[in-house]
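Shown here: entry_27.cif, mmCIF, C-alpha atoms and all ligand atoms.
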```cif
data_my_file
loop_
_atom_site.label_atom_id
_atom_site.label_comp_id
_atom_site.auth_asym_id
_atom_site.auth_seq_id
_atom_site.Cartn_x
_atom_site.Cartn_y
_atom_site.Cartn_z
CA MET H 1 0.00 0.00 0.00
CA LYS H 2 1.20 3.46 -0.83
CA ASN H 3 1.05 6.29 1.67
CA ILE H 4 -0.73 9.38 0.39
CA LEU H 5 -0.61 12.66 2.28
CA VAL H 6 -3.56 14.99 1.75
CA LEU H 7 -3.01 18.57 2.87
CA PHE H 8 -6.13 20.60 3.50
CA GLY H 9 -7.29 23.97 4.87
CA GLY H 10 -4.47 26.45 4.63
CA CYS H 11 -3.55 29.97 5.53
CA SER H 12 -5.59 31.44 2.66
CA SER H 13 -8.83 33.24 1.89
CA GLU H 14 -9.92 30.00 0.23
CA HIS H 15 -9.45 27.86 3.37
CA ASP H 16 -13.14 26.89 3.55
CA VAL H 17 -13.31 25.77 -0.08
CA SER H 18 -10.23 23.63 0.45
CA LEU H 19 -11.98 21.75 3.28
CA VAL H 20 -14.82 20.76 0.96
CA SER H 21 -12.46 19.94 -1.96
CA ALA H 22 -10.26 17.79 0.30
CA GLY H 23 -13.27 15.94 1.73
CA SER H 24 -14.29 14.99 -1.82
CA VAL H 25 -10.76 13.96 -2.78
CA ILE H 26 -10.33 11.75 0.30
CA SER H 27 -13.71 10.07 -0.15
CA ASN H 28 -12.75 9.24 -3.76
CA ILE H 29 -9.21 7.93 -3.27
CA ASP H 30 -9.19 4.15 -3.54
CA ALA H 31 -8.76 2.99 0.08
CA SER H 32 -7.76 -0.50 -1.06
CA LYS H 33 -4.69 0.94 -2.83
CA TYR H 34 -3.65 3.81 -0.62
CA ASN H 35 -3.27 4.66 3.07
CA ILE H 36 -4.36 8.22 3.55
CA TYR H 37 -2.76 10.60 6.03
CA MET H 38 -4.36 13.98 6.50
CA ILE H 39 -2.58 17.14 7.56
CA GLY H 40 -4.85 20.07 8.28
CA ILE H 41 -3.49 23.60 8.19
CA THR H 42 -5.46 26.08 10.30
CA LYS H 43 -6.31 29.59 9.14
CA LYS H 44 -3.47 30.79 11.39
CA GLY H 45 -1.04 28.39 9.74
CA GLU H 46 -0.66 25.64 12.37
CA TRP H 47 -0.08 22.13 10.99
CA TYR H 48 -1.75 19.06 12.54
CA LEU H 49 -1.93 15.42 11.61
CA TYR H 50 -5.68 14.82 11.77
CA GLU H 51 -6.84 11.34 12.72
CA GLY H 52 -10.62 11.44 12.48
CA PRO H 53 -13.46 11.20 9.96
CA PHE H 54 -12.92 13.12 6.72
CA SER H 55 -16.63 13.93 6.71
CA GLU H 56 -15.88 16.44 9.49
CA LEU H 57 -13.57 18.62 7.39
CA PRO H 58 -16.18 21.21 6.23
CA ASP H 59 -16.67 24.28 8.43
CA ASP H 60 -13.48 23.31 10.30
CA GLY H 61 -15.31 20.49 12.11
CA TRP H 62 -11.99 18.57 12.06
CA LEU H 63 -10.61 20.87 14.74
CA SER H 64 -12.80 19.10 17.31
CA ALA H 65 -13.72 15.80 15.65
CA GLY H 66 -10.60 13.70 16.03
CA ARG H 67 -7.03 13.43 17.28
CA LEU H 68 -4.83 16.40 16.37
CA THR H 69 -1.08 16.05 16.67
CA LYS H 70 1.44 18.68 15.59
CA ALA H 71 3.14 17.49 12.43
CA CYS H 72 5.20 18.79 9.54
CA VAL H 73 6.74 17.77 6.27
CA SER H 74 10.45 17.18 6.76
CA PRO H 75 12.75 18.76 4.16
CA ASP H 76 15.15 15.89 4.91
CA ARG H 77 15.10 13.51 1.95
CA ASP H 78 16.06 10.60 4.17
CA VAL H 79 12.78 11.03 6.08
CA HIS H 80 10.84 11.34 2.79
CA GLY H 81 7.69 12.17 4.67
CA ILE H 82 6.25 13.72 7.78
CA ILE H 83 7.34 14.07 11.39
CA VAL H 84 4.58 13.72 13.97
CA GLU H 85 5.14 15.04 17.50
CA ARG H 86 3.67 12.12 19.46
CA GLU H 87 3.63 12.32 23.27
CA THR H 88 6.05 9.41 23.25
CA GLY H 89 8.44 11.21 20.90
CA ALA H 90 8.80 12.02 17.23
CA GLU H 91 7.27 9.56 14.80
CA THR H 92 8.27 9.66 11.14
CA ILE H 93 5.93 8.42 8.42
CA ARG H 94 7.20 7.83 4.90
CA ILE H 95 5.02 9.43 2.21
CA ASP H 96 4.91 8.15 -1.35
CA VAL H 97 2.83 10.94 -2.89
CA ALA H 98 1.49 14.20 -1.47
CA PHE H 99 -1.76 15.73 -2.67
CA PRO H 100 -1.97 19.39 -1.63
CA VAL H 101 -5.68 20.23 -1.83
CA LEU H 102 -5.03 23.86 -0.95
CA HIS H 103 -6.43 26.79 -2.88
CA GLY H 104 -4.94 30.25 -3.17
CA LYS H 105 -2.07 31.72 -1.21
CA ASN H 106 0.30 29.46 0.73
CA GLY H 107 -0.80 26.35 -1.09
CA GLU H 108 -1.49 26.94 -4.78
CA ASP H 109 1.27 29.51 -5.20
CA GLY H 110 4.38 27.34 -5.20
CA THR H 111 5.22 27.64 -1.51
CA VAL H 112 4.08 24.16 -0.49
CA GLN H 113 5.23 22.79 -3.85
CA GLY H 114 8.74 24.08 -3.08
CA LEU H 115 8.69 22.26 0.24
CA PHE H 116 7.83 18.94 -1.43
CA GLN H 117 10.50 19.47 -4.08
CA LEU H 118 13.04 20.11 -1.35
CA ALA H 119 11.87 16.99 0.49
CA GLY H 120 12.05 14.88 -2.68
CA ILE H 121 8.41 13.80 -2.25
CA PRO H 122 6.35 13.40 -5.45
CA PHE H 123 3.25 15.57 -5.32
CA VAL H 124 0.09 16.09 -7.33
CA GLY H 125 -0.13 19.08 -9.64
CA CYS H 126 2.14 21.79 -10.94
CA ASP H 127 5.68 22.28 -9.71
CA MET H 128 6.91 25.23 -7.68
CA THR H 129 7.76 27.55 -10.56
CA SER H 130 4.66 26.96 -12.67
CA SER H 131 2.44 27.27 -9.59
CA ALA H 132 4.04 30.57 -8.61
CA VAL H 133 3.88 32.05 -12.10
CA SER H 134 0.30 30.84 -12.63
CA MET H 135 -0.84 32.31 -9.33
CA ASP H 136 0.48 35.72 -10.25
CA LYS H 137 -1.83 37.38 -12.76
CA ILE H 138 0.85 39.81 -14.01
CA PHE H 139 3.44 37.08 -14.62
CA THR H 140 0.78 34.85 -16.18
CA ASN H 141 -0.35 37.56 -18.60
CA THR H 142 3.28 38.25 -19.52
CA VAL H 143 3.89 34.59 -20.37
CA ALA H 144 0.60 34.43 -22.31
CA ASP H 145 1.59 37.49 -24.37
CA ARG H 146 5.01 36.02 -25.13
CA ASN H 147 3.34 32.83 -26.36
CA GLY H 148 0.76 34.48 -28.58
CA ILE H 149 -2.21 33.55 -26.38
CA ALA H 150 -4.93 36.15 -26.97
CA GLN H 151 -6.17 38.04 -23.91
CA ALA H 152 -7.65 41.36 -22.80
CA LYS H 153 -5.53 44.53 -23.02
CA TRP H 154 -3.83 44.96 -19.68
CA GLU H 155 -1.55 47.19 -17.62
CA SER H 156 0.09 46.85 -14.23
CA ILE H 157 1.31 49.08 -11.45
CA THR H 158 3.25 48.57 -8.23
CA LYS H 159 2.47 50.40 -5.00
CA TYR H 160 5.75 52.26 -5.39
CA GLU H 161 5.11 53.24 -9.02
CA TYR H 162 1.72 54.60 -8.03
CA GLU H 163 2.83 56.46 -4.91
CA SER H 164 5.91 57.95 -6.55
CA GLY H 165 3.91 59.03 -9.61
CA GLU H 166 6.14 56.93 -11.88
CA LYS H 167 2.97 55.51 -13.44
CA LYS H 168 -0.34 57.36 -13.52
CA LEU H 169 -3.85 55.98 -13.27
CA GLU H 170 -5.04 58.46 -15.92
CA ASP H 171 -2.63 56.97 -18.46
CA ILE H 172 -3.80 53.46 -17.68
CA ALA H 173 -7.45 54.52 -17.99
CA ALA H 174 -6.72 56.30 -21.28
CA ARG H 175 -5.18 53.16 -22.75
CA LEU H 176 -7.76 50.64 -21.50
CA GLY H 177 -10.98 52.70 -21.43
CA PHE H 178 -13.74 52.24 -18.81
CA PRO H 179 -14.97 49.98 -17.33
CA ILE H 180 -11.69 48.54 -16.04
CA PHE H 181 -11.14 45.42 -13.95
CA VAL H 182 -8.68 45.92 -11.11
CA LYS H 183 -7.07 42.85 -9.55
CA PRO H 184 -4.32 42.17 -7.03
CA ALA H 185 -1.61 40.16 -8.84
CA ASN H 186 -1.89 37.43 -6.22
CA ALA H 187 -5.25 36.74 -4.64
CA GLY H 188 -7.83 34.29 -5.97
CA SER H 189 -11.54 33.76 -5.48
CA SER H 190 -12.21 37.29 -6.68
CA VAL H 191 -10.92 38.73 -3.38
CA GLY H 192 -9.89 42.36 -3.83
CA ILE H 193 -11.16 42.48 -7.43
CA SER H 194 -13.44 45.30 -8.62
CA LYS H 195 -14.92 46.68 -11.76
CA ALA H 196 -14.32 50.44 -11.99
CA HIS H 197 -16.65 52.54 -14.13
CA ASP H 198 -14.93 55.93 -13.75
CA ALA H 199 -11.81 57.63 -12.37
CA ALA H 200 -13.14 57.81 -8.79
CA GLU H 201 -14.02 54.11 -8.77
CA LEU H 202 -10.65 53.30 -10.31
CA LYS H 203 -8.86 54.99 -7.43
CA ALA H 204 -11.06 53.19 -4.87
CA ALA H 205 -10.54 49.86 -6.66
CA LEU H 206 -6.78 50.37 -6.60
CA ASP H 207 -6.85 51.16 -2.86
CA LEU H 208 -8.83 47.97 -2.22
CA ALA H 209 -6.51 45.85 -4.40
CA LEU H 210 -3.46 47.31 -2.61
CA GLU H 211 -4.81 45.84 0.65
CA HIS H 212 -4.11 42.41 -0.85
CA ASP H 213 -0.92 42.90 -2.83
CA THR H 214 1.64 45.54 -3.79
CA ARG H 215 1.42 44.62 -7.50
CA ILE H 216 -1.85 45.35 -9.26
CA LEU H 217 -3.25 44.33 -12.65
CA PHE H 218 -5.71 46.36 -14.74
CA GLU H 219 -7.68 44.83 -17.59
CA GLU H 220 -10.06 46.23 -20.16
CA PHE H 221 -13.61 44.98 -19.60
CA ILE H 222 -14.57 42.12 -21.90
CA ASP H 223 -18.28 41.64 -22.51
CA ALA H 224 -18.23 37.90 -22.76
CA TYR H 225 -19.38 34.43 -21.85
CA GLU H 226 -17.11 32.72 -19.33
CA CYS H 227 -15.84 29.31 -20.38
CA GLU H 228 -13.48 26.94 -18.61
CA CYS H 229 -11.35 24.03 -19.68
CA ALA H 230 -9.94 21.22 -17.54
CA VAL H 231 -6.47 20.06 -18.58
CA LEU H 232 -5.02 16.77 -17.30
CA GLY H 233 -1.59 15.30 -17.99
CA ASN H 234 2.14 15.97 -17.93
CA ASP H 235 3.36 15.90 -21.53
CA GLU H 236 0.50 14.28 -23.37
CA LEU H 237 -2.50 16.43 -22.47
CA PHE H 238 -6.15 15.47 -22.11
CA THR H 239 -8.93 18.06 -21.89
CA GLY H 240 -12.36 17.69 -20.35
CA VAL H 241 -15.55 18.90 -22.02
CA VAL H 242 -15.39 22.71 -22.10
CA GLY H 243 -17.88 24.25 -19.67
CA GLN H 244 -19.47 27.62 -19.10
CA ILE H 245 -20.40 29.66 -16.04
CA THR H 246 -23.07 32.31 -16.03
CA PRO H 247 -22.55 34.38 -12.89
CA ALA H 248 -25.53 35.40 -10.82
CA ASN H 249 -23.96 38.77 -9.97
CA GLU H 250 -22.50 41.46 -12.20
CA PHE H 251 -19.32 39.41 -12.28
CA TYR H 252 -18.19 36.12 -10.85
CA ASP H 253 -17.28 37.45 -7.42
CA TYR H 254 -16.80 35.54 -4.18
CA ASP H 255 -20.51 35.57 -3.35
CA ALA H 256 -21.52 34.35 -6.81
CA LYS H 257 -18.94 31.57 -6.52
CA TYR H 258 -19.65 30.13 -3.12
CA SER H 259 -22.85 31.48 -1.58
CA ASN H 260 -25.21 32.43 -4.31
CA ALA H 261 -26.72 29.32 -5.84
CA ALA H 262 -28.10 31.17 -8.85
CA SER H 263 -24.90 30.99 -10.95
CA VAL H 264 -25.55 28.56 -13.80
CA LEU H 265 -23.05 25.95 -14.95
CA ASN H 266 -23.29 24.36 -18.40
CA ILE H 267 -21.25 21.40 -19.63
CA PRO H 268 -20.78 21.53 -22.58
CA ALA H 269 -20.55 25.31 -22.82
CA LEU H 270 -23.32 27.01 -24.81
CA VAL H 271 -20.90 28.23 -27.47
CA PRO H 272 -20.39 26.71 -30.94
CA GLU H 273 -18.48 23.45 -31.08
CA GLU H 274 -15.60 25.00 -33.01
CA THR H 275 -15.23 27.63 -30.28
CA ARG H 276 -15.01 24.82 -27.71
CA HIS H 277 -12.22 23.24 -29.77
CA GLU H 278 -10.47 26.59 -29.98
CA ILE H 279 -10.71 26.89 -26.17
CA ALA H 280 -9.36 23.38 -25.57
CA ASP H 281 -6.45 24.12 -27.91
CA ALA H 282 -5.68 27.46 -26.22
CA ALA H 283 -5.97 25.78 -22.79
CA LYS H 284 -3.33 23.21 -23.72
CA ARG H 285 -1.03 25.88 -25.14
CA THR H 286 -1.41 27.98 -21.99
CA PHE H 287 -0.75 24.95 -19.76
CA LYS H 288 2.44 24.18 -21.69
CA ALA H 289 3.60 27.80 -21.86
CA LEU H 290 3.37 28.05 -18.08
CA GLY H 291 5.21 24.75 -17.58
CA CYS H 292 2.24 23.14 -15.84
CA SER H 293 1.91 19.44 -15.05
CA GLY H 294 -0.74 17.19 -13.54
CA PHE H 295 -3.76 19.38 -13.78
CA ALA H 296 -5.08 22.93 -14.11
CA ARG H 297 -8.29 24.68 -15.05
CA VAL H 298 -7.84 27.33 -17.70
CA ASP H 299 -10.52 30.03 -17.90
CA PHE H 300 -11.47 32.01 -20.99
CA PHE H 301 -13.79 34.72 -22.19
CA VAL H 302 -15.74 34.26 -25.42
CA THR H 303 -16.74 37.73 -26.58
CA LYS H 304 -20.46 38.23 -27.10
CA ALA H 305 -19.93 40.52 -30.08
CA ASP H 306 -17.70 38.33 -32.24
CA GLY H 307 -16.98 35.03 -30.49
CA ARG H 308 -13.28 35.72 -29.93
CA VAL H 309 -11.58 33.44 -27.39
CA LEU H 310 -9.51 35.37 -24.83
CA PHE H 311 -7.51 33.82 -22.00
CA ASN H 312 -8.57 35.03 -18.53
CA GLU H 313 -6.70 33.04 -15.91
CA ILE H 314 -5.38 29.67 -14.84
CA ASN H 315 -5.96 27.81 -11.57
CA THR H 316 -3.34 25.21 -10.74
CA ILE H 317 -5.36 23.69 -7.88
CA PRO H 318 -8.87 24.27 -9.17
CA GLY H 319 -11.96 23.90 -6.99
CA PHE H 320 -12.25 20.17 -6.48
CA THR H 321 -15.54 19.56 -4.67
CA SER H 322 -17.82 16.93 -6.17
CA ILE H 323 -19.83 19.74 -7.80
CA SER H 324 -16.84 21.82 -8.96
CA MET H 325 -16.26 22.55 -12.63
CA TYR H 326 -12.91 20.74 -12.95
CA PRO H 327 -14.04 17.24 -11.93
CA LYS H 328 -17.41 17.75 -13.68
CA MET H 329 -15.78 18.69 -17.00
CA ILE H 330 -13.43 15.69 -16.74
CA GLU H 331 -16.33 13.43 -15.81
CA ALA H 332 -18.25 14.60 -18.89
CA ALA H 333 -15.29 13.40 -20.95
CA GLY H 334 -15.56 9.92 -19.43
CA ILE H 335 -13.23 9.92 -16.42
CA SER H 336 -14.93 9.51 -13.03
CA TYR H 337 -13.88 11.52 -10.00
CA SER H 338 -12.16 8.52 -8.37
CA GLU H 339 -10.37 7.57 -11.59
CA LEU H 340 -9.26 11.21 -11.82
CA CYS H 341 -7.71 11.03 -8.32
CA ASP H 342 -5.93 7.83 -9.32
CA ARG H 343 -4.56 9.41 -12.50
CA LEU H 344 -3.36 12.49 -10.66
CA ILE H 345 -1.42 10.32 -8.21
CA SER H 346 0.11 8.33 -11.10
CA LEU H 347 1.00 11.54 -12.96
CA ALA H 348 2.78 12.80 -9.83
CA GLU H 349 4.82 9.59 -9.56
CA GLU H 350 5.62 9.70 -13.27
CA LYS H 351 6.76 13.33 -13.13
CA TRP H 352 9.02 12.96 -10.13
CA SER H 353 10.39 9.45 -10.77
N1 LIG K 401 -11.28 41.69 -18.05
C1 LIG K 401 -12.48 41.29 -17.61
N2 LIG K 401 -13.62 41.57 -18.27
C2 LIG K 401 -14.82 41.16 -17.82
N3 LIG K 401 -15.01 40.46 -16.69
C3 LIG K 401 -13.93 40.14 -15.97
C4 LIG K 401 -12.60 40.52 -16.38
N4 LIG K 401 -11.73 40.05 -15.48
C5 LIG K 401 -12.46 39.42 -14.54
N5 LIG K 401 -13.78 39.47 -14.81
C6 LIG K 401 -14.85 38.91 -13.97
O1 LIG K 401 -14.37 38.78 -12.64
C7 LIG K 401 -14.30 37.41 -12.24
C8 LIG K 401 -13.09 37.15 -11.36
O2 LIG K 401 -11.91 37.45 -12.08
P1 LIG K 401 -10.71 36.37 -12.14
O3 LIG K 401 -11.21 35.10 -12.68
O4 LIG K 401 -9.57 37.00 -12.84
O5 LIG K 401 -10.36 36.27 -10.61
P2 LIG K 401 -10.02 35.18 -9.53
O6 LIG K 401 -10.20 35.79 -8.22
O7 LIG K 401 -8.68 34.70 -9.78
O8 LIG K 401 -11.00 34.03 -9.66
P3 LIG K 401 -10.75 32.46 -9.41
O9 LIG K 401 -11.38 32.14 -8.12
O10 LIG K 401 -11.46 31.89 -10.60
O11 LIG K 401 -9.30 32.16 -9.37
C9 LIG K 401 -14.34 36.63 -13.54
O12 LIG K 401 -14.86 35.33 -13.38
C10 LIG K 401 -15.25 37.52 -14.40
O13 LIG K 401 -16.61 37.35 -14.04
MG MG K 402 -11.59 33.26 -12.06
#
```
Can you give me the file's structure in the form of structure tokens?
Ligand SMILES: Nc1ncnc2c1ncn2[C@@H]1O[C@H](COP(=O)(O)OP(=O)(O)OP(=O)(O)O)[C@@H](O)[C@H]1O
Ligand SMILES: [Mg+2]
Amino acid sequence: MKNILVLFGGCSSEHDVSLVSAGSVISNIDASKYNIYMIGITKKGEWYLYEGPFSELPDDGWLSAGRLTKACVSPDRDVHGIIVERETGAETIRIDVAFPVLHGKNGEDGTVQGLFQLAGIPFVGCDMTSSAVSMDKIFTNTVADRNGIAQAKWESITKYEYESGEKKLEDIAARLGFPIFVKPANAGSSVGISKAHDAAELKAALDLALEHDTRILFEEFIDAYECECAVLGNDELFTGVVGQITPANEFYDYDAKYSNAASVLNIPALVPEETRHEIADAAKRTFKALGCSGFARVDFFVTKADGRVLFNEINTIPGFTSISMYPKMIEAAGISYSELCDRLISLAEEKWS
């Protein structure tokens, strides 16, 4: 039996989503093939080996539902696993493959991936560099531009450039035209993102974004359908059926994503078949350009006026609950959720062998 380590929770604004994603992953990993160890990371960043029912993960039920013992991943390659601070002393457990089911900062951004690379432990998903670049919307857009992947017109500013007057908001507005989307380079789940309709809103949107990061991205507004593509693989890439999200709110903000049930999901997307092919092709090119491996969900806009496909963003640990787009789009292409987990573990072993 192989030992699989599932990391869940995390010091991130997407902590709660991770709990639900991880619960789904654990319930779908083949228990006859793998021993599962769970490490939960609290919102404050404490690490515990959790020995209790995985059904108690949501809403942080795990904090009181089982045995919690301080634990960490050892960077020591001889340990090749975790160190658990038992009352009787330190226990080491060898890990064959780690599955970080962490969304957003401190989990999807290369930090945890770097730890596993240092430790020599194979892990599911993108490596440190591709995770970090994909998490950062300014770096991602730069790589997309360099690789000829079509996207919205964009600009960026740092806190210093803004405060010193080196770059001016008026110039950015003049180039992009209102409305303008303002996004922290590193955030996720629409946190700190706003749509500015005029100069006053642009200034307020920048101030809000600066609460989350010192590097800020501006994008022209694209009046479009939102389509998503699931990519699976290391070198030879498989794509799921392209899907579409119709947000309940003015844009797909945090509330529309997680609280408001009125957002509509369609698989396949309601765009022409050739557009879906174009999206799948662009998704694979984006995945490769960013050096991704394992899996990622690549999101696109399809313009309402003329059906152009524009890259929006990539998620290297996409939402993974049983009702999330990634597993649903893969399922629609014939791979069940549990088979998907199995493939991801095999892809991790293949990549790091
Ligand atoms: N340039 C744009 N034009 C029109 N709408 C946009 C634009 N950029 C973002 N949006 C809207 O805002 C939403 C959130 O933006 P984006 O996907 O970049 O952020 P995110 O926080 O990284 O989201 P995720 O949780 O998917 O990682 C999009 O789903 C879309 O509804
Ligand atoms: Mg998004």
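Each of H:Ala333, H:Leu118, H:Ala152, H:Met128 was compared to Leu232 (chain H) using all atoms listed in the file, and H:Ala333 turns out to be the nearest.
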So how far away is CA of Gln117 (chain H) from CA of Glu46 (chain H), in Å?
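Taking CA of Glu46 (chain H) and CA of Gln117 (chain H), their separation equals 20.8 Å.
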Quick one: residues within 9 Å of (-12.2, 49.5, -7.6) (file frame), counting all atoms listed in the file, please, as number ranges by chain.
H: 180-183, 192-197, 200-209
Mind pulling up the distance from CA of Ala248 (chain H) to CA of Asp60 (chain H)?
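A separation of 27.2 Å between them.
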Distance criterion (all atoms listed in the file): nearest to Ile82 (chain H) out of H:Ala173, H:Arg94, H:Ser353, H:Glu163
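Ranking H:Ala173, H:Arg94, H:Ser353, H:Glu163 by distance to Ile82 (chain H), first place goes to H:Arg94.
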So that I can check the surroundings of Met1 (chain H), please list as a ChimeraX atom specification every protein, DNA and RNA residue that reaches within 8 Å of it, counting all atoms listed in the file and ignoring chain neighbours fewer than 6 positions away.
/H:32-35
Write out as a compact mmCIF listing (two decimals) with C-alpha atoms, in the coordinates of the input each polymer residue whose atoms come within 9 Å of Phe116 (chain H), counting only C-alpha atoms; drop sequence neighbours fewer than 3 positions from it.
```
# COMPACT_ATOMS: atom_id res chain seq x y z
CA VAL H 73 6.74 17.77 6.27
CA SER H 74 10.45 17.18 6.76
CA PRO H 75 12.75 18.76 4.16
CA ALA H 98 1.49 14.20 -1.47
CA VAL H 112 4.08 24.16 -0.49
CA GLN H 113 5.23 22.79 -3.85
CA ALA H 119 11.87 16.99 0.49
CA GLY H 120 12.05 14.88 -2.68
CA ILE H 121 8.41 13.80 -2.25
CA PRO H 122 6.35 13.40 -5.45
CA PHE H 123 3.25 15.57 -5.32
CA MET H 128 6.91 25.23 -7.68
```
